[in-house]
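Q: Next up is a structure, given as structure tokens.
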Amino acid sequence: MDLQYLIQLILNGLFIGSFYALVALGYSMVYGIIKLLNFAHGDIYMLGAFAGYALLTVAAGSLGAGASIVVLVLIMVVAMLVTGTVGLVLERVAYRPLRGAPRLSVLITAVGASFALEYGIAVGFGPNPRVYPVGFGNGAMSVLGARVTYAQLAMMVIAVGLMIALDQLVNRTRAGRAMRAISQDPKACLLMGINVDRVISRTFFIGSALAGAAGVMAGAYYGKVDFLMGFTIGLKAFTAAVIGGIGNLRGAVLGAVVLGLLESFGTAALGSEWRDVFAFGFLILFLTVRPTGLLGERVTERV
């Protein structure tokens, strides 16, 4: 394998890993605070892709055949607001009334919410895949002989910027301290006067907004969207969160990068039809060696 091809595989893996990471962060945030595996989170990502599609369809007449990076960023911001709001409503309507219920009930509710989002989009946009109505150009730059398009580069920069912003929010602000405190002991937080409901709603909004950004990235990269696209990415983002140590935000990013690189190299070695096998096969093997993930902490439960 020559150096140029090796760098190309690394860049491809980092790009795929960047939007896996945005979705995995939402999984980890919600699980870290209320111990909920939100299986509707992958469909929030799908919703972001369709929000981008709808906006581009409306603006296609004025944009012509191509759109700029600035347009992509604006569409991403609007899609983030849409998906953040949907996440907020989902938490308020589906999850909050079941907060004291057994975890199995909440898990089944999450699966039901996932189906509701998928088939709601299928009814609204139809069951067939939709092609993004405008492209973002094929302009590219060379990195040590490997090719990366400007759109890919811009999306990776945006993804890294969002991850850094989230890290700063969680670790450097009062709202972030409230999130971390609730993840440790929500009852004590209530006694300390923290509005737990508001913090949980804010967590759903931020996590869903990040998934919406990832959906627009995927739509712009692959060029088409369909109402079932959230299922596989949801499982892969969950896999990335588990590999990194679910509940640990930096671990979720690390797990997503590992998964993206694994897919890139695995696909080059054995073909794209094995892509999903790598992700889930690696998860099984990895968990037998380190069940708590790369950055997860071992927790001792007292009986």
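Identifiers in this document derive from the order of the structure tokens: chains are assigned A, B, ..., residues are numbered from 1 separately in each chain, and ligands are numbered from 1 in order of occurrence.
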Under the rule of at most 9 Å, produce a per-residue listing of range 108-188 of chain A near range 41-58 of chain A: chain, number, name, the closest pair of atoms, and the distance in Å, as JSON lines, using only C-alpha atoms.

A:
```
{"residue": "A:Ala110", "atom": "CA", "partner": "A:His41", "partner_atom": "CA", "distance": 8.7}
{"residue": "A:Ala113", "atom": "CA", "partner": "A:Asp43", "partner_atom": "CA", "distance": 8.9}
{"residue": "A:Ser114", "atom": "CA", "partner": "A:Asp43", "partner_atom": "CA", "distance": 6.1}
{"residue": "A:Phe115", "atom": "CA", "partner": "A:Asp43", "partner_atom": "CA", "distance": 8.5}
{"residue": "A:Leu117", "atom": "CA", "partner": "A:Asp43", "partner_atom": "CA", "distance": 6.4}
{"residue": "A:Glu118", "atom": "CA", "partner": "A:Asp43", "partner_atom": "CA", "distance": 6.5}
{"residue": "A:Ile121", "atom": "CA", "partner": "A:Leu47", "partner_atom": "CA", "distance": 7.7}
{"residue": "A:Phe125", "atom": "CA", "partner": "A:Phe50", "partner_atom": "CA", "distance": 8.7}
{"residue": "A:Arg130", "atom": "CA", "partner": "A:Tyr53", "partner_atom": "CA", "distance": 8.0}
{"residue": "A:Val131", "atom": "CA", "partner": "A:Tyr53", "partner_atom": "CA", "distance": 8.0}
{"residue": "A:Tyr132", "atom": "CA", "partner": "A:Tyr53", "partner_atom": "CA", "distance": 5.7}
{"residue": "A:Pro133", "atom": "CA", "partner": "A:Thr57", "partner_atom": "CA", "distance": 5.9}
{"residue": "A:Val134", "atom": "CA", "partner": "A:Leu56", "partner_atom": "CA", "distance": 7.0}
```

Q: Running DSSP on the backbone, which parts of range 87-232 of chain A land in alpha helix (DSSP H), as a PyMOL selection string?

A: chain A and resi 87-90+103-125+150-172+174-184+186-191+196-222+229-232

Q: Which range 160-242 of chain A residues have any atom within 10 Å of an atom of range 258-271 of chain A, and for each, what is the nearest pair of atoms with distance in Å to one decimal, counting only C-alpha atoms, rows sorted by chain and number, as JSON lines?

A:
```
{"residue": "A:Lys236", "atom": "CA", "partner": "A:Leu259", "partner_atom": "CA", "distance": 8.2}
{"residue": "A:Ala237", "atom": "CA", "partner": "A:Leu259", "partner_atom": "CA", "distance": 9.0}
{"residue": "A:Thr239", "atom": "CA", "partner": "A:Leu259", "partner_atom": "CA", "distance": 8.3}
{"residue": "A:Ala240", "atom": "CA", "partner": "A:Leu259", "partner_atom": "CA", "distance": 6.4}
```

Q: Quick one: write out the picked residues with C-alpha atoms as a PDB file, in the first residue's frame?

A:
```pdb
ATOM      1  CA  LYS A 236     -23.271   2.625  14.333  1.00  0.00           C
ATOM      2  CA  ALA A 237     -23.300   5.776  16.437  1.00  0.00           C
ATOM      3  CA  THR A 239     -21.564   1.298  18.617  1.00  0.00           C
ATOM      4  CA  ALA A 240     -19.142   4.238  18.562  1.00  0.00           C
TER       5      ALA A 240
END
```

Q: For range 23-127 of chain A against range 183-191 of chain A, with a cut-off of 12 Å and counting only C-alpha atoms, what is the closest atom pair and its distance in Å to one decimal for every residue that makes the cut, ordered by chain and number, as CSV?

A:
```
residue,atom,partner,partner_atom,distance
A:Ser28,CA,A:Ser183,CA,11.1
A:Met29,CA,A:Ser183,CA,9.3
A:Val30,CA,A:Ser183,CA,9.4
A:Tyr31,CA,A:Ser183,CA,8.8
A:Gly32,CA,A:Ser183,CA,5.7
A:Ile33,CA,A:Ser183,CA,4.2
A:Ile34,CA,A:Ser183,CA,6.9
A:Lys35,CA,A:Ser183,CA,8.5
A:Leu36,CA,A:Ser183,CA,11.6
A:Arg99,CA,A:Pro186,CA,11.7
```

Q: Write to file, as a short mmCIF file (atom, residue, chain, number, x, y, z; two decimals), in the first residue's frame, the residues of the selection just made, with all heavy atoms.

A:
```cif
data_model
loop_
_atom_site.label_atom_id
_atom_site.label_comp_id
_atom_site.auth_asym_id
_atom_site.auth_seq_id
_atom_site.Cartn_x
_atom_site.Cartn_y
_atom_site.Cartn_z
N SER A 28 -24.57 9.61 23.87
CA SER A 28 -23.82 9.62 25.13
C SER A 28 -24.37 10.65 26.12
O SER A 28 -24.43 10.39 27.32
CB SER A 28 -22.35 9.93 24.85
OG SER A 28 -21.57 8.78 24.99
N MET A 29 -24.77 11.82 25.60
CA MET A 29 -25.30 12.87 26.49
C MET A 29 -26.56 12.40 27.20
O MET A 29 -26.71 12.54 28.41
CB MET A 29 -25.60 14.13 25.69
CG MET A 29 -24.38 14.89 25.22
SD MET A 29 -24.82 16.25 24.15
CE MET A 29 -25.58 17.36 25.33
N VAL A 30 -27.50 11.84 26.41
CA VAL A 30 -28.77 11.41 26.99
C VAL A 30 -28.55 10.24 27.95
O VAL A 30 -29.08 10.23 29.06
CB VAL A 30 -29.77 11.03 25.87
CG1 VAL A 30 -31.00 10.35 26.46
CG2 VAL A 30 -30.16 12.27 25.09
N TYR A 31 -27.71 9.27 27.53
CA TYR A 31 -27.48 8.12 28.41
C TYR A 31 -26.76 8.56 29.68
O TYR A 31 -27.06 8.09 30.78
CB TYR A 31 -26.65 7.06 27.69
CG TYR A 31 -26.44 5.83 28.54
CD1 TYR A 31 -27.42 4.84 28.59
CD2 TYR A 31 -25.31 5.69 29.33
CE1 TYR A 31 -27.26 3.73 29.40
CE2 TYR A 31 -25.14 4.58 30.14
CZ TYR A 31 -26.12 3.60 30.17
OH TYR A 31 -25.97 2.50 30.97
N GLY A 32 -25.82 9.48 29.52
CA GLY A 32 -25.05 9.93 30.69
C GLY A 32 -25.92 10.59 31.73
O GLY A 32 -25.62 10.54 32.92
N ILE A 33 -27.01 11.24 31.31
CA ILE A 33 -27.83 11.99 32.27
C ILE A 33 -29.02 11.18 32.79
O ILE A 33 -29.26 11.15 34.00
CB ILE A 33 -28.30 13.30 31.61
CG1 ILE A 33 -27.09 14.24 31.50
CG2 ILE A 33 -29.40 13.97 32.42
CD1 ILE A 33 -27.41 15.61 31.01
N ILE A 34 -29.75 10.53 31.90
CA ILE A 34 -30.95 9.82 32.38
C ILE A 34 -30.90 8.31 32.10
O ILE A 34 -31.90 7.62 32.25
CB ILE A 34 -32.25 10.42 31.81
CG1 ILE A 34 -32.25 10.40 30.28
CG2 ILE A 34 -32.48 11.81 32.33
CD1 ILE A 34 -33.58 10.83 29.67
N LYS A 35 -29.73 7.81 31.68
CA LYS A 35 -29.54 6.36 31.45
C LYS A 35 -30.58 5.81 30.48
O LYS A 35 -31.09 4.70 30.65
CB LYS A 35 -29.61 5.60 32.80
CG LYS A 35 -28.58 6.05 33.80
CD LYS A 35 -27.17 5.76 33.36
CE LYS A 35 -26.12 6.19 34.38
NZ LYS A 35 -25.91 7.64 34.45
N LEU A 36 -30.89 6.59 29.44
CA LEU A 36 -31.85 6.16 28.42
C LEU A 36 -31.12 5.90 27.11
O LEU A 36 -30.35 6.76 26.64
CB LEU A 36 -32.91 7.27 28.20
CG LEU A 36 -33.76 7.14 26.92
CD1 LEU A 36 -34.64 5.89 27.00
CD2 LEU A 36 -34.61 8.38 26.71
N ARG A 99 -40.50 8.90 33.21
CA ARG A 99 -39.19 9.00 33.85
C ARG A 99 -39.05 8.06 35.05
O ARG A 99 -37.98 7.55 35.32
CB ARG A 99 -38.91 10.45 34.25
CG ARG A 99 -37.44 10.69 34.51
CD ARG A 99 -37.12 12.14 34.59
NE ARG A 99 -37.30 12.80 33.30
CZ ARG A 99 -37.39 14.11 33.16
NH1 ARG A 99 -37.37 14.89 34.21
NH2 ARG A 99 -37.53 14.63 31.96
#
```

Q: Return the single residue from A:Val199, A:Ile194, A:Met76, A:Val89 that is closest to Gly176 in chain A, with distances computed using only C-alpha atoms.

A: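 The answer is A:Val199, which sits nearest to Gly176 in chain A.
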
Q: So which residues touch range 148-158 of chain A within 12 Å, counting only C-alpha atoms, skipping near sequence neighbours fewer than 2 positions away, as a PyMOL selection string?

A: chain A and resi 7-22+66-74+76-77+135-146+160-165+210+213-222+257

Q: Mind writing the picked residues with C-alpha atoms as a CSV table (one decimal), in the first residue's frame?

A:
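See part-v2.csv below for the written result:
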```
chain,number,residue,atom,x,y,z
A,7,ILE,CA,-3.5,9.0,3.5
A,8,GLN,CA,-6.7,8.8,1.3
A,9,LEU,CA,-8.1,6.0,3.5
A,10,ILE,CA,-7.2,7.9,6.7
A,11,LEU,CA,-9.0,11.1,5.4
A,12,ASN,CA,-12.0,9.1,4.3
A,13,GLY,CA,-12.2,7.4,7.7
A,14,LEU,CA,-11.9,10.8,9.5
A,15,PHE,CA,-14.7,12.3,7.5
A,16,ILE,CA,-17.0,9.3,8.1
A,17,GLY,CA,-16.0,9.3,11.8
A,18,SER,CA,-16.8,13.1,12.1
A,19,PHE,CA,-20.5,12.6,11.4
A,20,TYR,CA,-20.7,9.4,13.4
A,21,ALA,CA,-19.2,11.4,16.3
A,22,LEU,CA,-21.9,14.1,16.1
A,66,GLY,CA,-24.7,24.5,-7.4
A,67,ALA,CA,-24.5,25.9,-4.0
A,68,SER,CA,-21.7,27.4,-1.9
A,69,ILE,CA,-20.3,26.3,1.4
A,70,VAL,CA,-22.0,29.4,3.0
A,71,VAL,CA,-25.4,28.0,1.9
A,72,LEU,CA,-24.5,24.6,3.3
A,73,VAL,CA,-23.7,26.2,6.7
A,74,LEU,CA,-26.9,28.2,6.7
A,76,MET,CA,-27.1,23.2,8.6
A,77,VAL,CA,-28.0,25.8,11.2
A,135,GLY,CA,-24.6,19.9,-5.5
A,136,PHE,CA,-21.8,21.5,-3.6
A,137,GLY,CA,-19.2,21.4,-6.3
A,138,ASN,CA,-16.3,19.1,-6.9
A,139,GLY,CA,-13.5,21.6,-6.0
A,140,ALA,CA,-10.8,19.7,-4.2
A,141,MET,CA,-7.4,20.1,-2.7
A,142,SER,CA,-4.5,17.7,-2.4
A,143,VAL,CA,-3.1,16.5,0.9
A,144,LEU,CA,0.2,14.7,0.4
A,145,GLY,CA,-1.3,13.3,-2.9
A,146,ALA,CA,-4.7,12.4,-1.4
A,160,VAL,CA,-14.8,19.6,14.9
A,161,GLY,CA,-16.0,23.1,15.8
A,162,LEU,CA,-19.3,21.8,17.2
A,163,MET,CA,-17.5,19.1,19.2
A,164,ILE,CA,-15.1,21.6,20.7
A,165,ALA,CA,-18.1,24.0,21.5
A,210,LEU,CA,-25.9,17.8,16.6
A,213,ALA,CA,-26.0,18.7,11.5
A,214,ALA,CA,-24.7,15.2,10.8
A,215,GLY,CA,-27.8,14.5,8.7
A,216,VAL,CA,-27.1,17.5,6.5
A,217,MET,CA,-23.5,16.5,6.2
A,218,ALA,CA,-24.5,13.0,5.1
A,219,GLY,CA,-27.1,14.3,2.6
A,220,ALA,CA,-24.5,16.6,1.0
A,221,TYR,CA,-21.9,13.9,0.9
A,222,TYR,CA,-23.9,10.9,-0.4
A,257,VAL,CA,-13.1,8.1,14.8
```

Q: Give me, as a ChimeraX atom specification, the residues of range 31-261 of chain A that a backbone DSSP run labels strand (DSSP E or B).

A: /A:66,130-131,135,140-143,146-149,224-225

Q: Selection from above, N, CA, C and O atoms, as a short mmCIF file (atom, residue, chain, number, x, y, z; two decimals), in the first residue's frame, can you write it?

A:
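Saved the output as out.cif:
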```cif
data_model
loop_
_atom_site.label_atom_id
_atom_site.label_comp_id
_atom_site.auth_asym_id
_atom_site.auth_seq_id
_atom_site.Cartn_x
_atom_site.Cartn_y
_atom_site.Cartn_z
N GLY A 66 -25.64 24.68 -8.54
CA GLY A 66 -24.69 24.47 -7.45
C GLY A 66 -24.92 25.43 -6.30
O GLY A 66 -25.58 26.45 -6.43
N ARG A 130 -34.68 10.30 -2.04
CA ARG A 130 -34.72 11.64 -2.63
C ARG A 130 -33.28 12.12 -2.88
O ARG A 130 -32.41 11.93 -2.03
N VAL A 131 -33.09 12.74 -4.03
CA VAL A 131 -31.76 13.25 -4.39
C VAL A 131 -31.67 14.72 -4.00
O VAL A 131 -32.61 15.49 -4.26
N GLY A 135 -25.89 20.46 -6.01
CA GLY A 135 -24.62 19.93 -5.52
C GLY A 135 -23.78 21.01 -4.87
O GLY A 135 -24.12 22.20 -4.95
N ALA A 140 -11.51 20.53 -5.14
CA ALA A 140 -10.79 19.70 -4.17
C ALA A 140 -9.37 20.21 -4.00
O ALA A 140 -8.85 20.97 -4.82
N MET A 141 -8.75 19.79 -2.91
CA MET A 141 -7.35 20.11 -2.68
C MET A 141 -6.59 18.81 -2.43
O MET A 141 -7.19 17.76 -2.13
N SER A 142 -5.28 18.87 -2.59
CA SER A 142 -4.46 17.68 -2.43
C SER A 142 -3.75 17.74 -1.07
O SER A 142 -3.20 18.76 -0.68
N VAL A 143 -3.83 16.63 -0.33
CA VAL A 143 -3.12 16.51 0.95
C VAL A 143 -2.14 15.36 0.82
O VAL A 143 -2.53 14.19 0.87
N ALA A 146 -3.30 12.82 -1.58
CA ALA A 146 -4.69 12.35 -1.42
C ALA A 146 -5.65 13.50 -1.74
O ALA A 146 -5.30 14.67 -1.61
N ARG A 147 -6.89 13.15 -2.16
CA ARG A 147 -7.85 14.15 -2.58
C ARG A 147 -8.94 14.34 -1.53
O ARG A 147 -9.52 13.36 -1.04
N VAL A 148 -9.20 15.59 -1.17
CA VAL A 148 -10.31 15.90 -0.27
C VAL A 148 -11.03 17.12 -0.84
O VAL A 148 -10.39 18.12 -1.20
N THR A 149 -12.35 17.01 -1.01
CA THR A 149 -13.11 18.13 -1.59
C THR A 149 -13.25 19.25 -0.56
O THR A 149 -13.20 19.02 0.65
N LYS A 224 -28.08 11.70 -1.59
CA LYS A 224 -29.48 11.25 -1.53
C LYS A 224 -29.84 10.86 -0.11
O LYS A 224 -28.96 10.54 0.70
N VAL A 225 -31.13 10.91 0.18
CA VAL A 225 -31.63 10.59 1.52
C VAL A 225 -32.84 9.68 1.41
O VAL A 225 -33.53 9.69 0.39
#
```

Q: Find, counting only C-alpha atoms, the residue in A:Arg275, A:Arg202, A:Arg103, A:Arg290 that gets nearest to Gly244 in chain A.

A: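 Nearest to Gly244 in chain A: A:Arg290.
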